[in-house]
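Engineer: So that you have it, the file is entry.cif, and it contains mmCIF, C-alpha atoms:
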data_my_file
loop_
_atom_site.label_atom_id
_atom_site.label_comp_id
_atom_site.auth_asym_id
_atom_site.auth_seq_id
_atom_site.Cartn_x
_atom_site.Cartn_y
_atom_site.Cartn_z
CA MET A 115 0.00 0.00 0.00
CA PRO A 116 2.42 2.68 -1.22
CA GLY A 117 2.25 5.94 0.69
CA ALA A 118 -0.48 4.84 3.10
CA LEU A 119 1.72 3.86 6.04
CA ALA A 120 4.05 6.19 7.84
CA PRO A 121 7.73 5.36 7.34
CA GLY A 122 10.14 4.57 10.09
CA PRO A 123 11.42 1.47 11.85
CA ILE A 124 9.11 -0.01 14.44
CA SER A 125 10.82 -3.30 15.25
CA GLY A 126 12.57 -1.96 18.32
CA MET A 127 9.55 -0.29 19.83
CA ALA A 128 8.30 -1.65 23.14
CA PRO A 129 5.17 -0.64 25.06
CA GLN A 130 5.68 1.52 28.11
CA SER A 131 5.19 -0.14 31.46
CA VAL A 132 2.03 0.65 33.38
CA PRO A 133 2.42 0.92 37.17
CA GLU A 134 0.17 -1.32 39.21
CA PRO A 135 -2.43 0.53 41.30
CA PRO A 136 -1.80 0.62 45.07
CA PRO A 137 -3.52 -2.07 47.14
CA VAL A 138 -7.05 -1.28 48.26
CA ARG A 139 -7.61 -2.34 51.85
CA PRO A 140 -10.98 -3.55 53.14
CA SER A 141 -12.92 -0.80 54.81
CA GLY A 142 -13.58 -2.81 57.98
CA ARG A 143 -15.87 -0.88 60.27
CA ASP A 144 -15.21 2.67 59.18
CA GLY A 145 -18.42 2.84 57.19
CA GLY A 146 -16.66 3.16 53.83
CA PRO A 147 -17.39 0.92 50.84
CA GLU A 148 -16.19 -2.64 51.11
CA ARG A 149 -13.56 -3.52 48.51
CA PHE A 150 -11.38 -6.44 47.62
CA ALA A 151 -7.92 -6.35 49.15
CA THR A 152 -4.91 -7.12 47.02
CA PRO A 153 -3.84 -10.69 47.88
CA PRO A 154 -0.32 -11.36 49.18
CA GLY A 155 2.12 -11.31 46.30
CA GLY A 156 -0.06 -9.02 44.17
CA VAL A 157 -2.88 -9.68 41.71
CA PRO A 158 -2.28 -12.98 39.88
CA ALA A 159 -1.90 -13.07 36.13
CA PRO A 160 -4.71 -14.84 34.21
CA GLN A 161 -2.49 -17.82 33.43
CA ASP A 162 -1.92 -18.29 37.17
CA LEU A 163 -5.63 -19.01 37.63
CA VAL A 164 -5.59 -22.15 35.48
CA ARG A 165 -4.00 -25.43 36.51
CA ARG A 166 -2.18 -25.85 33.22
CA ASN A 167 -1.85 -24.35 29.78
CA PRO A 168 -3.54 -26.96 27.62
CA HIS A 169 -2.72 -27.71 24.01
CA GLY A 170 -5.61 -27.49 21.58
CA ASP A 171 -4.82 -30.85 20.00
CA PRO A 172 -4.87 -33.98 22.18
CA MET A 173 -1.58 -35.84 22.52
CA ALA A 174 -2.79 -38.72 20.33
CA ARG A 175 -3.57 -36.37 17.46
CA ARG A 176 -0.20 -34.63 17.72
CA LEU A 177 1.60 -37.97 17.74
CA GLY A 178 -0.44 -39.12 14.75
CA ARG A 179 0.58 -36.01 12.83
CA GLY A 180 4.22 -36.70 13.58
CA VAL A 181 3.91 -40.29 12.35
CA ARG A 182 2.22 -39.20 9.13
CA ARG A 183 4.97 -36.66 8.48
CA ALA A 184 7.65 -39.25 9.20
CA MET A 185 6.03 -41.69 6.76
CA GLY A 186 5.91 -39.04 4.07
CA ALA A 187 2.11 -38.71 3.98
CA SER A 188 1.18 -35.87 1.68
CA ALA A 189 -0.85 -32.90 2.85
CA ALA A 190 -0.72 -31.21 -0.57
CA GLY A 191 -4.40 -30.26 -0.48
CA GLN A 192 -4.05 -28.52 2.87
CA VAL A 193 -0.90 -26.77 1.71
CA ARG A 194 -2.68 -25.48 -1.41
CA ASP A 195 -5.63 -24.25 0.64
CA LEU A 196 -3.34 -22.43 3.07
CA ALA A 197 -1.38 -20.86 0.21
CA ARG A 198 -4.60 -19.65 -1.41
CA LEU A 199 -5.94 -18.14 1.82
CA THR A 200 -2.70 -16.43 2.80
CA ALA A 201 -2.37 -14.99 -0.69
CA GLN A 202 -5.81 -13.41 -0.27
CA ILE A 203 -4.74 -11.93 3.06
CA GLY A 204 -1.51 -10.45 1.71
CA VAL A 205 -2.88 -8.38 -1.18
CA PRO A 206 -2.39 -4.58 -1.14
CA VAL A 207 -5.29 -2.48 0.15
CA PRO A 208 -6.68 0.67 -1.49
CA SER A 209 -7.02 2.31 1.94
CA SER A 210 -7.02 1.25 5.56
CA ARG A 211 -9.63 -1.49 6.17
CA ARG A 212 -11.83 -1.65 9.28
CA ILE A 213 -13.28 -5.02 10.31
CA ALA A 214 -15.89 -5.08 13.08
CA VAL A 215 -16.36 -8.21 15.20
CA THR A 216 -19.85 -8.26 16.72
CA SER A 217 -22.38 -10.47 18.49
CA ILE A 218 -25.91 -10.17 19.81
CA ARG A 219 -24.72 -10.68 23.40
CA GLY A 220 -21.58 -11.05 25.47
CA GLY A 221 -19.91 -14.41 26.00
CA ALA A 222 -20.19 -15.53 22.39
CA GLY A 223 -16.43 -15.49 21.82
CA LYS A 224 -15.90 -12.07 20.18
CA SER A 225 -12.60 -11.30 21.87
CA THR A 226 -11.23 -14.73 21.01
CA ILE A 227 -12.27 -14.36 17.35
CA THR A 228 -10.86 -10.81 17.22
CA ALA A 229 -7.52 -11.96 18.64
CA LEU A 230 -7.34 -14.90 16.24
CA ILE A 231 -8.25 -12.89 13.13
CA ALA A 232 -5.93 -10.00 13.97
CA GLY A 233 -3.10 -12.44 14.65
CA VAL A 234 -3.60 -14.21 11.31
CA LEU A 235 -3.73 -10.91 9.42
CA ARG A 236 -0.55 -9.73 11.10
CA GLN A 237 1.18 -13.03 10.33
CA TYR A 238 0.53 -12.85 6.59
CA ARG A 239 0.63 -9.12 5.92
CA PRO A 240 3.84 -7.09 5.47
CA ASP A 241 2.37 -3.93 7.03
CA ARG A 242 0.91 -2.85 10.37
CA VAL A 243 -2.25 -4.40 11.82
CA LEU A 244 -4.13 -3.05 14.85
CA ALA A 245 -6.66 -4.67 17.21
CA ILE A 246 -8.97 -2.30 19.12
CA ASP A 247 -11.17 -3.17 22.08
CA ALA A 248 -14.36 -1.12 21.76
CA ASP A 249 -16.15 -2.82 24.66
CA PRO A 250 -17.04 0.05 27.01
CA GLY A 251 -16.98 -2.35 29.95
CA LEU A 252 -14.06 -4.46 31.11
CA GLY A 253 -13.05 -5.76 27.70
CA SER A 254 -10.81 -8.82 27.53
CA LEU A 255 -9.10 -8.35 24.17
CA ALA A 256 -5.72 -7.29 25.59
CA LEU A 257 -5.84 -10.27 27.97
CA ARG A 258 -6.54 -12.70 25.12
CA ILE A 259 -3.78 -11.23 22.98
CA GLY A 260 -1.43 -11.26 25.96
CA VAL A 261 -0.17 -7.69 25.92
CA SER A 262 -0.55 -4.58 28.05
CA ALA A 263 -1.07 -1.14 26.55
CA PRO A 264 -0.01 2.10 28.24
CA SER A 265 -3.16 3.95 27.17
CA SER A 266 -6.75 3.49 26.05
CA VAL A 267 -9.13 4.81 23.41
CA ARG A 268 -10.07 7.65 25.78
CA ASP A 269 -6.42 8.56 26.38
CA LEU A 270 -5.72 8.61 22.66
CA ALA A 271 -8.77 10.82 22.08
CA ALA A 272 -7.53 13.30 24.70
CA ALA A 273 -3.91 13.29 23.50
CA ARG A 274 -4.66 13.78 19.77
CA PRO A 275 -1.16 12.69 18.64
CA HIS A 276 0.10 14.06 15.32
CA THR A 277 2.96 11.71 14.46
CA TRP A 278 3.52 7.97 14.33
CA GLU A 279 5.95 8.14 17.23
CA GLU A 280 3.41 9.98 19.40
CA THR A 281 0.69 7.51 18.43
CA ALA A 282 2.80 4.40 19.01
CA ALA A 283 3.54 5.51 22.56
CA HIS A 284 -0.13 4.83 23.40
CA LEU A 285 -0.28 1.33 21.91
CA GLY A 286 0.63 -2.12 23.13
CA ARG A 287 2.55 -4.45 20.83
CA THR A 288 3.03 -8.20 20.79
CA PRO A 289 6.38 -9.83 20.01
CA GLU A 290 4.89 -10.76 16.61
CA GLY A 291 4.20 -7.09 15.86
CA LEU A 292 0.42 -6.87 16.37
CA PHE A 293 -0.57 -3.51 17.86
CA VAL A 294 -3.32 -3.32 20.48
CA LEU A 295 -5.47 -0.49 21.88
CA PRO A 296 -7.85 -1.26 24.77
CA ALA A 297 -11.04 0.66 25.55
CA ALA A 298 -10.05 1.29 29.18
CA PRO A 299 -6.81 1.47 31.17
CA LYS A 300 -5.41 -1.82 32.43
CA GLY A 301 -7.64 -3.43 35.03
CA ALA A 302 -10.20 -0.60 35.02
CA LEU A 303 -13.89 -0.60 34.29
CA ALA A 304 -14.62 2.23 31.89
CA ASP A 305 -17.67 4.43 31.75
CA ASP A 306 -19.83 4.29 28.66
CA LEU A 307 -17.80 5.04 25.56
CA ASP A 308 -19.65 7.21 23.07
CA HIS A 309 -19.01 7.08 19.35
CA ALA A 310 -17.68 10.64 19.17
CA THR A 311 -14.91 9.80 21.67
CA PHE A 312 -14.19 6.57 19.82
CA GLN A 313 -13.84 8.47 16.54
CA HIS A 314 -11.60 11.12 18.11
CA GLY A 315 -9.35 8.40 19.48
CA THR A 316 -9.19 6.13 16.44
CA GLY A 317 -10.07 8.31 13.44
CA ARG A 318 -6.46 9.10 12.55
CA LEU A 319 -5.11 5.57 12.97
CA GLY A 320 -5.93 4.60 9.39
CA ARG A 321 -2.91 6.51 8.13
CA TYR A 322 -0.61 4.12 10.01
CA PHE A 323 -2.38 0.75 9.72
CA SER A 324 -3.46 -1.26 6.72
CA THR A 325 -6.08 -3.15 8.73
CA THR A 326 -7.89 -2.56 12.02
CA VAL A 327 -9.94 -5.29 13.72
CA ILE A 328 -12.46 -3.90 16.24
CA ASP A 329 -13.80 -6.00 19.11
CA CYS A 330 -17.24 -4.48 19.68
CA GLY A 331 -19.27 -4.83 22.85
CA GLY A 332 -22.24 -7.18 22.99
CA GLY A 333 -25.42 -5.97 21.31
CA LEU A 334 -26.09 -3.86 18.24
CA VAL A 335 -28.40 -1.00 19.15
CA SER A 336 -26.11 1.41 21.02
CA ASP A 337 -24.88 4.53 19.25
CA LEU A 338 -21.30 3.30 19.61
CA GLN A 339 -21.96 -0.08 17.98
CA ARG A 340 -24.08 1.34 15.19
CA GLY A 341 -21.50 4.02 14.48
CA ILE A 342 -18.73 1.42 14.27
CA LEU A 343 -20.81 -0.78 11.98
CA HIS A 344 -21.66 2.09 9.63
CA GLY A 345 -17.94 2.85 9.31
CA ALA A 346 -16.83 -0.78 8.90
CA HIS A 347 -15.66 -2.26 5.61
CA ALA A 348 -16.61 -5.78 6.72
CA GLN A 349 -18.04 -7.65 9.69
CA VAL A 350 -17.53 -10.93 11.53
CA PHE A 351 -20.72 -11.85 13.37
CA VAL A 352 -19.97 -14.27 16.22
CA THR A 353 -22.54 -16.63 17.68
CA PRO A 354 -22.29 -19.66 19.96
CA GLY A 355 -22.88 -23.04 18.36
CA THR A 356 -26.21 -23.67 20.08
CA PRO A 357 -29.82 -23.70 18.81
CA ASP A 358 -30.54 -20.51 20.75
CA GLY A 359 -27.37 -18.90 19.42
CA ALA A 360 -28.24 -19.71 15.81
CA LEU A 361 -31.83 -18.43 16.13
CA SER A 362 -30.75 -15.26 17.94
CA ALA A 363 -28.09 -14.61 15.33
CA ARG A 364 -30.59 -14.99 12.49
CA ALA A 365 -32.90 -12.48 14.20
CA ALA A 366 -29.99 -10.06 14.62
CA LEU A 367 -29.01 -10.34 10.96
CA ASN A 368 -32.61 -9.65 9.94
CA TRP A 369 -32.58 -6.59 12.23
CA MET A 370 -29.45 -5.31 10.46
CA ALA A 371 -31.11 -5.71 7.07
CA LEU A 372 -34.08 -3.62 8.24
CA ASN A 373 -32.02 -0.90 9.93
CA GLY A 374 -29.73 0.45 7.25
CA LEU A 375 -26.98 -2.17 7.48
CA GLY A 376 -27.98 -4.21 4.43
CA PRO A 377 -24.83 -3.28 2.45
CA LEU A 378 -22.64 -4.41 5.36
CA LEU A 379 -24.40 -7.79 5.40
CA GLN A 380 -23.03 -8.40 1.91
CA ARG A 381 -19.56 -8.07 3.46
CA THR A 382 -20.32 -10.17 6.55
CA VAL A 383 -19.04 -13.59 7.54
CA ILE A 384 -20.40 -15.65 10.44
CA ALA A 385 -18.28 -17.40 13.06
CA LEU A 386 -20.12 -20.27 14.72
CA VAL A 387 -18.19 -20.99 17.93
CA SER A 388 -18.36 -24.36 19.67
CA HIS A 389 -17.85 -23.91 23.43
CA THR A 390 -18.04 -27.60 24.34
CA PRO A 391 -16.11 -30.63 23.03
CA ASN A 392 -19.32 -32.58 22.31
CA PRO A 393 -22.03 -30.09 21.33
CA ASP A 394 -25.63 -31.30 21.38
CA ALA A 395 -26.62 -28.92 18.60
CA ASP A 396 -26.62 -29.93 14.94
CA LEU A 397 -23.93 -27.47 13.88
CA ASP A 398 -24.22 -28.29 10.19
CA ARG A 399 -27.92 -27.46 10.29
CA ALA A 400 -27.23 -24.29 12.28
CA ALA A 401 -24.68 -23.24 9.66
CA ARG A 402 -27.20 -23.79 6.87
CA LEU A 403 -29.81 -21.79 8.78
CA LEU A 404 -27.45 -18.86 9.22
CA GLY A 405 -25.83 -18.98 5.80
CA SER A 406 -29.04 -18.98 3.76
CA GLY A 407 -26.90 -19.52 0.68
CA THR A 408 -25.26 -16.07 0.79
CA LEU A 409 -23.34 -15.52 4.03
CA PRO A 410 -20.29 -17.75 4.57
CA VAL A 411 -20.35 -19.58 7.90
CA THR A 412 -17.18 -20.95 9.50
CA LEU A 413 -17.28 -23.24 12.51
CA LEU A 414 -14.59 -22.65 15.11
CA PRO A 415 -14.35 -26.07 16.76
CA PHE A 416 -13.86 -26.52 20.48
CA ASP A 417 -10.24 -25.98 21.43
CA ARG A 418 -8.98 -26.68 24.94
CA HIS A 419 -6.34 -23.96 24.78
CA LEU A 420 -8.77 -21.28 23.60
CA ALA A 421 -11.34 -22.40 26.19
CA ALA A 422 -8.85 -21.79 29.04
CA GLY A 423 -9.51 -18.04 28.76
CA ILE A 424 -5.85 -17.01 29.01
CA ALA A 425 -3.46 -15.33 26.60
CA ILE A 426 -3.59 -17.15 23.29
CA ALA A 427 -0.37 -18.94 22.30
CA PRO A 428 -0.60 -19.62 18.54
CA GLU A 429 1.59 -22.72 18.78
CA ARG A 430 -0.91 -24.32 21.19
CA ILE A 431 -4.02 -23.84 19.06
CA SER A 432 -5.30 -27.04 17.46
CA MET A 433 -4.90 -27.48 13.72
CA PRO A 434 -8.69 -27.41 13.06
CA ALA A 435 -9.03 -24.15 15.03
CA GLN A 436 -6.03 -22.64 13.23
CA ALA A 437 -7.53 -23.56 9.87
CA ALA A 438 -10.88 -22.04 10.84
CA ALA A 439 -9.25 -18.80 12.01
CA THR A 440 -7.27 -18.51 8.78
CA ARG A 441 -10.40 -19.10 6.71
CA LEU A 442 -12.32 -16.47 8.69
CA ALA A 443 -9.54 -13.93 8.32
CA ALA A 444 -9.22 -14.52 4.57
CA ASP A 445 -12.99 -14.41 3.97
CA VAL A 446 -13.65 -11.21 5.90
CA PHE A 447 -10.53 -9.45 4.61
CA THR A 448 -11.42 -10.29 1.01
CA ARG A 449 -14.95 -8.94 1.52
CA SER A 450 -13.59 -5.74 3.07
CA LEU A 451 -11.81 -4.97 -0.20
CA SER A 452 -15.15 -4.64 -2.02
CA ALA A 453 -16.18 -1.69 0.18
CA SER A 454 -15.50 1.82 -0.98
#
Show me the file's structure as structure tokens.
Structural biologist:
Amino acid sequence: MPGALAPGPISGMAPQSVPEPPPVRPSGRDGGPERFATPPGGVPAPQDLVRRNPHGDPMARRLGRGVRRAMGASAAGQVRDLARLTAQIGVPVPSSRRIAVTSIRGGAGKSTITALIAGVLRQYRPDRVLAIDADPGLGSLALRIGVSAPSSVRDLAAARPHTWEETAAHLGRTPEGLFVLPAAPKGALADDLDHATFQHGTGRLGRYFSTTVIDCGGGLVSDLQRGILHGAHAQVFVTPGTPDGALSARAALNWMALNGLGPLLQRTVIALVSHTPNPDADLDRAARLLGSGTLPVTLLPFDRHLAAGIAIAPERISMPAQAAATRLAADVFTRSLSAS
């Protein structure tokens, strides 16, 4: 994308450290509000709250893969599919692309899908990719990506930086080079985020990033969500792989068609997320119900590593989940290119 991204080396840039807040002691009997005290040793990291960091693929499957490779079994079809998808992801863009990740309610897996898609785009693109948490509550995108950011959308809106160096000082960055901007400071619960503040904070980022993936809050009717959707080049709609999830998602997509978002539906892909290893729902039928012959539906299968709720380690994601994430990223990115 000649001329669209600001020049200058960024490989040595590291996010600024954010000091931990002082411990809050219980109020006891002084009549003040009761609060949680900081436990001895400080607040634990998310990975400390799980017994282990599971691998997405069971041991038997990983061993089987190794045996097939050792015996020279060909995976030419999979290699061709991956090459085709990554080629779609790596094409130049006419201008910065914005991809919104939405759902009808919280808990569907938006932050996980956002982290996966943004990571895939960063892996196969030669330019900068940004993931933004637009959840006005305690969004979990930075946690899932595994990076801290020194600032938030509100801070960026107040600072109004004019150069890449000033902007980068507000962003977190993973070792792989994915940039991250949360909605609220680390560990804080933000007040409602209005669309005007969101635009002031993010409106100038397009000059530095080829692609921005936005993790929206649950629901569709707030001014913030509707504003983001009207400015998006493409959308990933996330729904749990349950009968209720499929029916609710279909109702939400119909609502979009009736409320001025019909053009965006033509650039929408659906992520059907399985939250259990043995779902009772007929996922193939749910996919047909949601797709209706026009919208592509990709099933993200249950993955033990993703289900742990900690920072996502790409090398621990199962092969089926990796393939689904790559397909989602390629589909939604390709559709974003058709938007003006």
Engineer: What does the PyMOL selection byres ((chain A and resi 256) around 9) select in this file, as number ranges by chain?
Structural biologist: A: 225, 229, 245-247, 253-255, 257-263, 286, 294-296, 300, 425
Engineer: In Å, rounded to a single decimal, give me how far CA of Thr226 in chain A is from CA of Asp396 in chain A.
Structural biologist: 22.5 Å
Engineer: Which one of A:Gly423, A:Pro410, A:Gly333, A:Gly320 sits closest to Ser209 in chain A if you count only C-alpha atoms?
Structural biologist: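 Checking each candidate against Ser209 in chain A, we get A:Gly320 as the closest.
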Engineer: Would you give me, as CSV, each residue of range 184-239 of chain A having an atom within 9 Å of an atom of range 354-366 of chain A, along with its shortest atom pair and that distance in Å to one decimal, using only C-alpha atoms and sorting by chain and residue number?
Structural biologist:
residue,atom,partner,partner_atom,distance
A:Ser217,CA,A:Ala363,CA,7.7
A:Ile218,CA,A:Ala366,CA,6.6
A:Gly221,CA,A:Pro354,CA,8.3
A:Ala222,CA,A:Pro354,CA,5.2
A:Gly223,CA,A:Pro354,CA,7.4
Engineer: Could you list, as a PyMOL selection string, every residue matched by the PyMOL selection byres ((chain A and resi 201) around 12) in this structure?
Structural biologist: chain A and resi 194-200+202-206+235+237-240+440-441+443-445+447-448
Engineer: Take the selection from the previous step and output its residues with C-alpha atoms, as a compact mmCIF listing (two decimals), in the frame of the given file.
Structural biologist:
# COMPACT_ATOMS: atom_id res chain seq x y z
CA ARG A 194 -2.68 -25.48 -1.41
CA ASP A 195 -5.63 -24.25 0.64
CA LEU A 196 -3.34 -22.43 3.07
CA ALA A 197 -1.38 -20.86 0.21
CA ARG A 198 -4.60 -19.65 -1.41
CA LEU A 199 -5.94 -18.14 1.82
CA THR A 200 -2.70 -16.43 2.80
CA GLN A 202 -5.81 -13.41 -0.27
CA ILE A 203 -4.74 -11.93 3.06
CA GLY A 204 -1.51 -10.45 1.71
CA VAL A 205 -2.88 -8.38 -1.18
CA PRO A 206 -2.39 -4.58 -1.14
CA LEU A 235 -3.73 -10.91 9.42
CA GLN A 237 1.18 -13.03 10.33
CA TYR A 238 0.53 -12.85 6.59
CA ARG A 239 0.63 -9.12 5.92
CA PRO A 240 3.84 -7.09 5.47
CA THR A 440 -7.27 -18.51 8.78
CA ARG A 441 -10.40 -19.10 6.71
CA ALA A 443 -9.54 -13.93 8.32
CA ALA A 444 -9.22 -14.52 4.57
CA ASP A 445 -12.99 -14.41 3.97
CA PHE A 447 -10.53 -9.45 4.61
CA THR A 448 -11.42 -10.29 1.01
Engineer: List the residues matched by the PyMOL selection byres ((chain A and resi 373-378) around 10) in the displayed structure as a PyMOL selection string, ordered by chain and then by residue number.
Structural biologist: chain A and resi 335+340+343-349+367-372+379-382+449-450+453
Engineer: Closest to Ala400 in chain A among A:Arg268, A:Pro434, A:Ala421, A:Thr353, using all atoms listed in the file?
Structural biologist: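 Of all the options, A:Thr353 lies closest to Ala400 in chain A.
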Engineer: Quick check, in Å to one decimal: how far apart do CA of Gly315 in chain A and CA of Pro275 in chain A lie?
Structural biologist: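 Computing the Euclidean distance for CA of Gly315 in chain A and CA of Pro275 in chain A yields 9.3 Å.
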Engineer: Could you tell me how far CA of Leu451 in chain A lies from CA of Gln313 in chain A, in Å and to one decimal?
Structural biologist: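 One can read the CA of Leu451 in chain A to CA of Gln313 in chain A distance as 21.6 Å.
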Engineer: Identify which of the residues A:Val327, A:Ala248, A:Ile342, A:Val243 lies closest to Glu290 in chain A, counting all atoms listed in the file when measuring atom-to-atom distances.
Structural biologist: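 That would be A:Val243, the residue with the smallest distance to Glu290 in chain A.
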Engineer: With all atoms listed in the file as the counted atoms, please give the residues lying no more than 7 Å from His284 in chain A, apart from itself and same-chain residues fewer than 3 positions off, as a PDB file with C-alpha atoms, in the frame of the given file.
Structural biologist:
ATOM      1  CA  ALA A 263      -1.070  -1.140  26.550  1.00  0.00           C
ATOM      2  CA  PRO A 264      -0.010   2.100  28.240  1.00  0.00           C
ATOM      3  CA  SER A 265      -3.160   3.950  27.170  1.00  0.00           C
ATOM      4  CA  LEU A 270      -5.720   8.610  22.660  1.00  0.00           C
ATOM      5  CA  THR A 281       0.690   7.510  18.430  1.00  0.00           C
TER       6      THR A 281
END
Engineer: For a quick check of understanding, using only C-alpha atoms, which of A:Val350, A:Ala435, A:Ala271, A:Leu414 has the smallest distance to Val215 in chain A?
Structural biologist: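 For Val215 in chain A, the nearest of the candidates is A:Val350.
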Engineer: Tell me, as a VMD selection string, which residues lie within 7 Å of Thr326 in chain A, counting all atoms listed in the file; anything in the same chain fewer than 2 positions away does not count.
Structural biologist: chain A and resid 211 to 213 243 to 245 323 328
